[in-house]
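S.K.: Dropping a structure here in structure tokens format, bear with me for questions.
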Amino acid sequence: MFNALRTGVLLAALTALFMAVGYFIGGTSGMMIAFVVALGTNLFAYWNSDQMVLRMQNAVPVERSQVPELYEMVDVLSQRAGIPTPTVYVIHSDQPNAFATGRDPDHAAVAVSTGLLRSLDTREVAGVVAHELAHIRSRDTLTMTITATFAGAISMLAQFGLFFGGGNNNRDNPMGGIGTLLMVFLAPMAAALVQMAISRTREYEADRDGAEISNDPLALAAALEKIARAADREVNIAAERNPAMAHMYIINPLSGARMDNLFSTHPDTGNRIAALHKLAAEMRLDDKGAMRSPRPAPRNAAPSGGNGWRVPSSGGFREDGGQKGPWG
């Protein structure tokens, strides 16, 4: 109920922003046109934006036969999360990263990059997958995908107004060229601030929920550290071309600062890692994902399957914990 209300409030706020851009560009008629476009954007974002995001990020679906161990990992973690197994996609990018999308848990997808599969070990990959499944379970994927779609549409509308509606002689423009110029800079910034506020809050919650799904918060912490370090060196071309979607990734895929401030799409990675280490201490887990000094189990207790992710004996992972496959 809360997530549905949050999504409704988000849609209303972005629609209002969209109409404001239309008003400052074309007055009342511009606002009405923007309202009609916003309604169409709402419908499109709900039904089709997930596929649009996957295409724009160059994510391709993979069959279970291609990555059996990754699929098995997603299956097991999805069962722990209590959601259907999402479709698995691979992004052919050297930058290690991942994101999830979809309007609900029944229509969801998880996309991981080939760089992530090459550079992270099995426990760390499982931590990242669990984080993305946490987004799906809480329906963050709908909220974040809609935000990305609207942010891109608002930016395009502002640019359109600059070229076609920004003349000082436009009588229907309440502030003439000045109003249009203000919208060109302020509207995308306002949309970006909405993205940032949503993403930063949800990333902390998905870190905690994902760590509880995998029962291995330190593996996720190690993964975040590796991804953040590599993201500074490797360029994600698809993300750079579509920066409105950067907030969907587990770590900011764009070049630039990673500071925990108003203009960052993600919380500071160091803060996230510290929170995960604190959670591991609360869960009494060591750096291998095992309980520290576990208490004796009751005699009638059911056998435990382990505390963290355990690699099956067969599949497509190397003995050192890395993954083998078409990416290396």
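Chains: A, B, ... in order of the structure tokens. Residues: from 1 per chain. Ligands: from 1, in order shown.
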Neighbours of Glu63 in chain A within 12 Å (only C-alpha atoms; same-chain residues fewer than 5 positions away dropped), as a PDB file with C-alpha atoms, in the first residue's frame?
M.R.:
```
ATOM      1  CA  PRO A  68      23.500 -22.054 -15.554  1.00  0.00           C
ATOM      2  CA  GLU A  69      25.229 -21.090 -12.320  1.00  0.00           C
ATOM      3  CA  LEU A  70      24.085 -17.476 -12.513  1.00  0.00           C
ATOM      4  CA  TYR A  71      20.513 -18.630 -13.145  1.00  0.00           C
ATOM      5  CA  GLU A  72      20.713 -21.056 -10.231  1.00  0.00           C
ATOM      6  CA  THR A  87      14.542 -12.642 -16.391  1.00  0.00           C
ATOM      7  CA  VAL A  88      18.332 -12.459 -16.516  1.00  0.00           C
ATOM      8  CA  TYR A  89      20.112 -10.002 -18.827  1.00  0.00           C
ATOM      9  CA  VAL A  90      23.787  -9.356 -19.477  1.00  0.00           C
TER      10      VAL A  90
END
```
S.K.: Taking only C-alpha atoms into account, name the residue in A:Ile237, A:Ala244, A:Ala280, A:Ile213 that is nearest to Ala126 in chain A.
M.R.: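 Of A:Ile237, A:Ala244, A:Ala280, A:Ile213, the one nearest Ala126 in chain A, counting only C-alpha atoms, is A:Ile213.
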S.K.: Write out as number ranges by chain each polymer residue whose atoms come within 9 Å of Ile250 in chain A, counting only C-alpha atoms; drop sequence neighbours fewer than 2 positions from it.
M.R.: A: 97-100, 128, 131-132, 203, 224, 227, 247-248, 252-253, 266
S.K.: Mind giving me the straight-line distance from CA of Glu240 in chain A to CA of Val53 in chain A in Å, one decimal?
M.R.: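 Rounded to one decimal, the two atoms are 13.3 Å apart.
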S.K.: Neighbouring residues of Ala239 in chain A were defined as those with any atom within 7 Å, considering only C-alpha atoms; residues of the same chain fewer than 6 positions away were excluded. Please report them as an MDAnalysis selection string.
M.R.: chainID A and resid 57 245:246 253:254
S.K.: Please, what distance in Å, to one decimal, runs between CA of Thr122 in chain A and CA of Leu220 in chain A?
M.R.: 10.8 Å
